[in-house]
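**Q** You'll find input26.cif just under this line, and it carries mmCIF, C-alpha atoms and all ligand atoms.
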data_input
loop_
_atom_site.label_atom_id
_atom_site.label_comp_id
_atom_site.auth_asym_id
_atom_site.auth_seq_id
_atom_site.Cartn_x
_atom_site.Cartn_y
_atom_site.Cartn_z
CA MET A 1 0.00 0.00 0.00
CA GLY A 2 1.23 3.44 -0.93
CA TYR A 3 4.14 2.12 -2.97
CA HIS A 4 4.17 3.48 -6.49
CA ILE A 5 6.06 2.87 -9.70
CA TYR A 6 5.98 5.55 -12.39
CA TRP A 7 7.84 5.34 -15.67
CA ARG A 8 8.52 7.37 -18.78
CA LYS A 9 10.33 6.63 -22.01
CA TYR A 10 12.28 9.35 -23.81
CA SER A 11 14.19 9.36 -27.10
CA ILE A 12 17.30 11.37 -27.82
CA ASP A 13 19.14 11.69 -31.14
CA THR A 14 22.88 11.75 -30.57
CA LYS A 15 24.89 13.78 -33.04
CA SER A 16 28.31 12.18 -33.28
CA LYS A 17 30.13 8.87 -32.87
CA PHE A 18 31.31 9.75 -29.36
CA GLU A 19 29.23 12.08 -27.25
CA VAL A 20 28.18 12.87 -23.68
CA VAL A 21 24.56 13.98 -23.13
CA LYS A 22 23.40 15.38 -19.80
CA LEU A 23 20.16 13.72 -18.57
CA THR A 24 19.91 15.23 -15.09
CA LYS A 25 17.00 17.58 -15.86
CA LEU A 26 15.04 14.79 -17.56
CA VAL A 27 15.48 12.63 -14.45
CA GLU A 28 14.54 15.46 -12.07
CA ASP A 29 11.47 16.40 -14.15
CA THR A 30 10.31 12.77 -14.21
CA VAL A 31 10.70 12.46 -10.45
CA ARG A 32 8.66 15.67 -9.99
CA GLU A 33 5.94 14.41 -12.38
CA SER A 34 5.73 11.12 -10.51
CA GLY A 35 4.80 12.82 -7.23
CA ILE A 36 7.03 10.33 -5.43
CA LYS A 37 8.71 11.90 -2.41
CA ASP A 38 10.86 9.11 -1.05
CA GLY A 39 12.29 6.15 -2.92
CA TYR A 40 14.66 5.79 -5.84
CA VAL A 41 14.87 6.37 -9.58
CA LEU A 42 16.29 3.95 -12.12
CA VAL A 43 17.74 5.32 -15.38
CA PHE A 44 18.07 2.55 -17.98
CA ILE A 45 18.91 2.38 -21.68
CA PRO A 46 17.91 -0.64 -23.82
CA HIS A 47 21.15 -0.43 -25.82
CA THR A 48 24.45 -2.32 -26.01
CA THR A 49 26.67 0.39 -27.50
CA ALA A 50 26.02 3.29 -25.10
CA ALA A 51 26.14 3.69 -21.31
CA ILE A 52 24.72 5.58 -18.35
CA ALA A 53 27.15 7.20 -15.92
CA ILE A 54 27.13 9.69 -13.07
CA ASN A 55 29.88 12.28 -13.08
CA GLU A 56 30.84 15.88 -13.78
CA TYR A 57 29.67 17.70 -16.92
CA GLU A 58 32.44 20.21 -17.64
CA PRO A 59 33.83 20.84 -21.17
CA ARG A 60 37.40 19.65 -20.47
CA ILE A 61 36.45 16.52 -18.56
CA LEU A 62 33.95 15.66 -21.31
CA GLU A 63 36.86 15.64 -23.76
CA ASP A 64 38.87 13.58 -21.29
CA TYR A 65 36.11 10.96 -21.04
CA ILE A 66 36.15 10.53 -24.81
CA VAL A 67 39.97 10.42 -24.97
CA TRP A 68 39.90 7.72 -22.24
CA ILE A 69 37.18 5.71 -24.03
CA LYS A 70 39.15 5.74 -27.29
CA LYS A 71 42.38 4.79 -25.50
CA GLU A 72 40.83 2.13 -23.27
CA PHE A 73 38.47 0.46 -25.74
CA SER A 74 40.50 1.04 -28.95
CA PRO A 75 37.99 1.47 -31.81
CA GLY A 76 39.13 -0.56 -34.82
CA GLY A 77 41.70 -2.30 -32.63
CA GLY A 78 41.42 -5.70 -34.31
CA TRP A 79 38.23 -6.84 -32.55
CA LYS A 80 36.46 -9.86 -34.10
CA HIS A 81 33.01 -8.23 -33.94
CA ASP A 82 34.31 -5.40 -36.16
CA GLU A 83 34.18 -7.86 -39.08
CA ILE A 84 30.37 -7.66 -39.02
CA ASP A 85 29.51 -4.43 -37.24
CA ASP A 86 32.57 -2.23 -36.76
CA ASN A 87 31.54 -1.27 -33.25
CA ALA A 88 33.12 -3.79 -30.86
CA HIS A 89 34.73 -0.96 -28.86
CA ALA A 90 31.22 0.43 -28.19
CA HIS A 91 29.89 -2.94 -26.95
CA ILE A 92 32.84 -3.37 -24.61
CA ALA A 93 32.66 0.19 -23.24
CA SER A 94 28.91 -0.28 -22.66
CA LEU A 95 29.60 -3.61 -20.93
CA VAL A 96 32.18 -2.09 -18.60
CA ILE A 97 30.49 1.25 -17.79
CA GLY A 98 26.95 -0.16 -17.62
CA GLN A 99 23.48 0.50 -19.03
CA SER A 100 21.70 1.78 -15.91
CA LYS A 101 22.13 3.80 -12.74
CA MET A 102 20.00 4.26 -9.65
CA LEU A 103 19.70 7.40 -7.50
CA PRO A 104 17.97 7.91 -4.15
CA ILE A 105 14.97 10.28 -3.88
CA SER A 106 14.42 12.25 -0.72
CA GLY A 107 11.78 14.95 -0.24
CA GLY A 108 10.83 14.74 -3.93
CA HIS A 109 14.36 15.42 -5.24
CA ILE A 110 17.14 13.17 -6.41
CA THR A 111 20.00 13.03 -3.96
CA ARG A 112 23.26 13.92 -5.67
CA GLY A 113 26.51 15.74 -5.06
CA THR A 114 27.13 19.23 -6.47
CA TRP A 115 29.15 17.87 -9.42
CA GLN A 116 27.17 14.72 -10.02
CA GLU A 117 25.19 14.73 -13.26
CA VAL A 118 23.40 11.84 -14.93
CA LEU A 119 25.10 11.24 -18.28
CA LEU A 120 24.35 9.25 -21.42
CA LEU A 121 27.60 8.16 -23.05
CA GLU A 122 27.39 7.50 -26.79
CA PHE A 123 30.07 5.25 -28.32
CA ASP A 124 28.53 4.47 -31.72
CA GLY A 125 26.50 7.46 -32.84
CA PRO A 126 24.82 9.25 -34.30
CA ARG A 127 21.77 7.21 -33.32
CA ARG A 128 18.36 7.47 -31.71
CA ARG A 129 18.66 6.37 -28.10
CA ASP A 130 15.76 5.43 -25.83
CA ILE A 131 15.93 6.21 -22.14
CA PHE A 132 13.62 4.62 -19.58
CA ILE A 133 13.24 6.46 -16.30
CA GLN A 134 11.42 4.46 -13.66
CA VAL A 135 10.57 6.08 -10.32
CA HIS A 136 9.82 3.88 -7.30
CA GLY A 137 8.58 4.94 -3.88
CA ILE A 138 6.02 6.56 -1.66
CA ARG A 139 3.86 9.55 -2.57
CA GLN A 140 3.37 12.03 0.25
CA ASP A 141 -0.35 12.69 -0.40
CA LEU A 142 -1.18 9.00 -0.31
CA GLU A 143 0.68 8.58 2.95
CA LYS A 144 -1.45 11.34 4.45
CA GLU A 145 -4.67 9.70 3.20
CA ALA A 146 -3.63 6.38 4.64
CA ALA A 147 -2.80 8.11 7.92
CA SER A 148 -6.17 9.87 8.22
CA SER A 149 -8.22 6.77 7.32
CA SER A 150 -6.42 4.58 9.82
CA MET A 151 -6.89 7.30 12.42
CA LYS A 152 -10.69 7.07 12.03
CA SER A 153 -10.78 3.31 12.36
CA ALA A 154 -8.35 2.74 15.19
CA ASN A 155 -5.85 4.41 17.44
CA VAL A 156 -2.82 2.91 15.80
CA PHE A 157 -0.51 5.88 16.01
CA SER A 158 2.81 5.75 17.67
CA LYS A 159 3.77 8.74 19.75
CA ASN A 160 5.85 10.15 16.90
CA SER A 161 3.18 10.06 14.23
CA ARG A 162 0.66 11.61 16.63
CA ASN A 163 3.01 14.52 17.24
CA GLN A 164 3.71 15.01 13.53
CA ASN A 165 0.11 14.87 12.30
CA PRO A 166 -1.52 18.31 12.46
CA ASN A 167 -5.04 16.85 11.98
CA PHE A 168 -4.88 14.48 14.88
CA ASN A 169 -6.37 16.70 17.58
CA SER A 170 -9.13 18.27 15.50
CA SER A 171 -10.43 14.96 14.11
CA MET A 172 -10.54 13.36 17.54
ZN ZN A 201 27.80 -4.50 -32.86
#
Please express the file's structure as structure tokens.
Ligand code: ZN
**A**
Amino acid sequence: MGYHIYWRKYSIDTKSKFEVVKLTKLVEDTVRESGIKDGYVLVFIPHTTAAIAINEYEPRILEDYIVWIKKEFSPGGGWKHDEIDDNAHAHIASLVIGQSKMLPISGGHITRGTWQEVLLLEFDGPRRRDIFIQVHGIRQDLEKEAASSSMKSANVFSKNSRNQNPNFNSSM
């Protein structure tokens, strides 16, 4: 009771072979839309040649990410899969970095550090990429409803909830 799951699917067209796209606002907007105040949000892509990461979005570090990806996963570096698809580096980078991330929600906002942004990493663009954002948790208004209905039927409040509920005295 009171536990909700809300999800949205978005599509983004990436513009180059390697790219970093900031998704933070999309995630925050979806959490706000969901009305969920406490829980977590899952950001997932149904793709094998891109990744989801959490880190800083600053022009120089964005270049560094791409330099690192090219160095670490060597595009065209003699991979077998390149014989059919020419994107083995992208599969391996996606495998290592991962295709989802989860963030905690507290008070209706995602919990994150000042420099933490939710990022889509493209390794084989330009392509259309789908992003699923699934919000899990408790909605504040429903908690209040549940609290007032249980108050009418029985005195089930602990001392804490009695003190926190402004309607308790008047409805008694
Ligand atoms: Zn492939």
**Q** Using all atoms listed in the file, find each residue in chain A having at least one atom no more than 6 Å away from ligand ZN 201 (chain A); report its shortest atom-to-atom pair and that distance in Å (one decimal), rows by chain then rising number, as a Markdown table.
**A**
| residue | atom | partner | partner_atom | distance |
| --- | --- | --- | --- | --- |
| A:Asp85 | CA | A:ZN201 | ZN | 4.7 |
| A:Asn87 | CA | A:ZN201 | ZN | 5.0 |
| A:Ala88 | CA | A:ZN201 | ZN | 5.7 |
**Q** Out of A:Glu56, A:Asp130, A:Asp13, A:Glu33, which residue has the shortest atom-to-atom distance to Arg112 (chain A) when counting only C-alpha atoms?
**A**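 Answer, going by the shortest atom-to-atom distance: A:Glu56.
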**Q** Where's the centre, and what are the edge lengths in Å to one decimal, of a box along x, y and z enclosing all listed atoms of region 20-32 of chain A padded 3 Å per side, as lines of an AutoDock Vina configuration file?
**A**
center_x = 18.4
center_y = 15.0
center_z = -16.8
size_x = 25.5
size_y = 11.1
size_z = 19.7
**Q** Closest to Tyr10 (chain A) among A:Thr48, A:Gln140, A:Ser34, A:Gln134, using all atoms listed in the file?
**A** A:Gln134
**Q** If I take CA of Lys15 (chain A) and CA of Glu72 (chain A), how far is one from the other in Å, to one decimal?
**A**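 Between these atoms lies a distance of 22.0 Å.
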**Q** Neighbouring residues of Glu63 (chain A) were defined as those with any atom within 12 Å, considering all atoms listed in the file; residues of the same chain fewer than 5 positions away were excluded. Please report them as a ChimeraX atom specification.
**A** /A:18-20,56-58,68-70,121
**Q** Tell me which of A:Gly108, A:Gly113, A:Pro46, A:Pro75 sits closest to Val27 (chain A), counting all atoms listed in the file.
**A**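 With all atoms listed in the file as the atom set, the closest residue is A:Gly108.
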**Q** How far is it from CA of Gly137 (chain A) to CA of Thr111 (chain A), in Å with one decimal?
**A** 14.0 Å
**Q** Would you pick out the contacts of Lys25 (chain A) at 12 Å or less, using only C-alpha atoms, so that residues sharing its chain but fewer than 2 positions from it are not included, and give the list as a list in words?
**A**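 In the requested format, the answer is Val21, Lys22, Leu23, Val27, Glu28, Asp29, Thr30, Val31, Arg32, His109, Ile110, Glu117, Val118, Leu119 and Ile133 of chain A.
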**Q** Using Å and a single decimal, report how far CA of Thr24 (chain A) sits from CA of Lys9 (chain A).
**A** 14.6 Å
**Q** Give me the residues within 9 Å of His91 (chain A) as a list in words, counting all atoms listed in the file and dropping any in the same chain fewer than 2 places off.
**A**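 Skipping anything fewer than 2 positions along the chain leaves Thr48, Thr49, Ala50, Asn87, Ala88, His89, Ala93, Ser94, Leu95, Val96, Phe123 and Asp124 of chain A.
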**Q** Skip Phe44 (chain A) itself and residues of its chain fewer than 2 positions away, then list as a ChimeraX atom specification all residues within 7 Å of it, counting only C-alpha atoms.
**A** /A:42,46,99-101,131-133
**Q** Which polymer residues have any atom within 7 Å of an atom of Lys37 (chain A), counting only C-alpha atoms, with same-chain residues fewer than 2 positions away left out, as a list of chain:residue names?
**A**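 Here the qualifying residues turn out to be A:Gly35, A:Gly39, A:Ile105, A:Ser106, A:Gly107, A:Gly108, A:Ile138, A:Arg139, A:Gln140.
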**Q** Restricting the calculation to all atoms listed in the file, which member of A:Gly78, A:Lys17, A:Ile12, A:Ile97 is positioned closest to Ala51 (chain A)?
**A** A:Ile97
**Q** Would you please work out which residue, of A:Arg127, A:Ile92, A:Thr14, A:Gln116, is nearest to Ser74 (chain A) when using all atoms listed in the file?
**A**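 Of all the options, A:Ile92 lies closest to Ser74 (chain A).
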**Q** Please determine, counting all atoms listed in the file, which residue among A:Val41, A:Leu62, A:Ile5, A:Met102 has the shortest atom-to-atom distance to Glu122 (chain A).
**A** A:Leu62
**Q** How about completing region 110-145 of chain A with N, CA and C atoms and giving it to me as a CSV table (one decimal), keeping the file's coordinate frame?
**A**
chain,number,residue,atom,x,y,z
A,110,ILE,N,16.1,14.2,-6.4
A,110,ILE,CA,17.1,13.2,-6.4
A,110,ILE,C,18.3,13.7,-5.5
A,111,THR,N,18.9,12.7,-4.8
A,111,THR,CA,20.0,13.0,-4.0
A,111,THR,C,21.3,12.9,-4.8
A,112,ARG,N,22.0,14.0,-4.9
A,112,ARG,CA,23.3,13.9,-5.7
A,112,ARG,C,24.2,15.0,-5.2
A,113,GLY,N,25.5,14.8,-5.4
A,113,GLY,CA,26.5,15.7,-5.1
A,113,GLY,C,26.5,16.9,-6.0
A,114,THR,N,27.1,18.0,-5.6
A,114,THR,CA,27.1,19.2,-6.5
A,114,THR,C,27.6,19.0,-7.9
A,115,TRP,N,28.6,18.1,-8.1
A,115,TRP,CA,29.2,17.9,-9.4
A,115,TRP,C,28.6,16.6,-10.1
A,116,GLN,N,27.7,16.0,-9.4
A,116,GLN,CA,27.2,14.7,-10.0
A,116,GLN,C,26.0,15.0,-11.0
A,117,GLU,N,26.2,14.6,-12.2
A,117,GLU,CA,25.2,14.7,-13.3
A,117,GLU,C,24.9,13.3,-13.8
A,118,VAL,N,23.7,13.1,-14.3
A,118,VAL,CA,23.4,11.8,-14.9
A,118,VAL,C,23.7,12.0,-16.4
A,119,LEU,N,24.6,11.1,-16.9
A,119,LEU,CA,25.1,11.2,-18.3
A,119,LEU,C,24.8,10.0,-19.2
A,120,LEU,N,24.4,10.3,-20.4
A,120,LEU,CA,24.4,9.2,-21.4
A,120,LEU,C,25.7,9.3,-22.2
A,121,LEU,N,26.4,8.2,-22.3
A,121,LEU,CA,27.6,8.2,-23.0
A,121,LEU,C,27.3,7.4,-24.4
A,122,GLU,N,27.6,8.1,-25.5
A,122,GLU,CA,27.4,7.5,-26.8
A,122,GLU,C,28.8,7.1,-27.3
A,123,PHE,N,28.8,5.8,-27.8
A,123,PHE,CA,30.1,5.2,-28.3
A,123,PHE,C,30.0,4.9,-29.8
A,124,ASP,N,28.7,4.9,-30.3
A,124,ASP,CA,28.5,4.5,-31.7
A,124,ASP,C,27.4,5.3,-32.4
A,125,GLY,N,27.5,6.6,-32.2
A,125,GLY,CA,26.5,7.5,-32.8
A,125,GLY,C,26.8,7.8,-34.3
A,126,PRO,N,26.1,8.7,-34.9
A,126,PRO,CA,24.8,9.2,-34.3
A,126,PRO,C,23.7,8.2,-34.4
A,127,ARG,N,22.9,8.2,-33.4
A,127,ARG,CA,21.8,7.2,-33.3
A,127,ARG,C,20.6,7.8,-32.5
A,128,ARG,N,19.5,7.2,-32.6
A,128,ARG,CA,18.4,7.5,-31.7
A,128,ARG,C,18.5,6.6,-30.5
A,129,ARG,N,18.5,7.1,-29.3
A,129,ARG,CA,18.7,6.4,-28.1
A,129,ARG,C,17.4,6.5,-27.2
A,130,ASP,N,16.9,5.4,-26.7
A,130,ASP,CA,15.8,5.4,-25.8
A,130,ASP,C,16.3,5.4,-24.4
A,131,ILE,N,15.6,6.1,-23.6
A,131,ILE,CA,15.9,6.2,-22.1
A,131,ILE,C,14.7,5.9,-21.3
A,132,PHE,N,14.7,4.9,-20.5
A,132,PHE,CA,13.6,4.6,-19.6
A,132,PHE,C,14.0,5.2,-18.2
A,133,ILE,N,13.1,5.9,-17.7
A,133,ILE,CA,13.2,6.5,-16.3
A,133,ILE,C,12.1,5.9,-15.5
A,134,GLN,N,12.4,5.1,-14.5
A,134,GLN,CA,11.4,4.5,-13.7
A,134,GLN,C,11.6,4.9,-12.2
A,135,VAL,N,10.5,5.5,-11.7
A,135,VAL,CA,10.6,6.1,-10.3
A,135,VAL,C,9.8,5.2,-9.4
A,136,HIS,N,10.4,4.8,-8.3
A,136,HIS,CA,9.8,3.9,-7.3
A,136,HIS,C,9.7,4.6,-6.0
A,137,GLY,N,8.6,4.4,-5.2
A,137,GLY,CA,8.6,4.9,-3.9
A,137,GLY,C,7.2,5.3,-3.4
A,138,ILE,N,7.2,6.2,-2.4
A,138,ILE,CA,6.0,6.6,-1.7
A,138,ILE,C,5.7,8.0,-2.0
A,139,ARG,N,4.4,8.2,-2.3
A,139,ARG,CA,3.9,9.6,-2.6
A,139,ARG,C,3.4,10.1,-1.3
A,140,GLN,N,3.7,11.4,-1.0
A,140,GLN,CA,3.4,12.0,0.2
A,140,GLN,C,1.9,12.1,0.5
A,141,ASP,N,1.1,12.5,-0.6
A,141,ASP,CA,-0.4,12.7,-0.4
A,141,ASP,C,-1.0,11.4,0.0
A,142,LEU,N,-0.6,10.3,-0.6
A,142,LEU,CA,-1.2,9.0,-0.3
A,142,LEU,C,-0.9,8.6,1.1
A,143,GLU,N,0.3,8.9,1.6
A,143,GLU,CA,0.7,8.6,3.0
A,143,GLU,C,-0.2,9.3,3.9
A,144,LYS,N,-0.6,10.6,3.6
A,144,LYS,CA,-1.4,11.3,4.4
A,144,LYS,C,-2.9,10.7,4.5
A,145,GLU,N,-3.3,10.3,3.3
A,145,GLU,CA,-4.7,9.7,3.2
A,145,GLU,C,-4.7,8.4,4.0
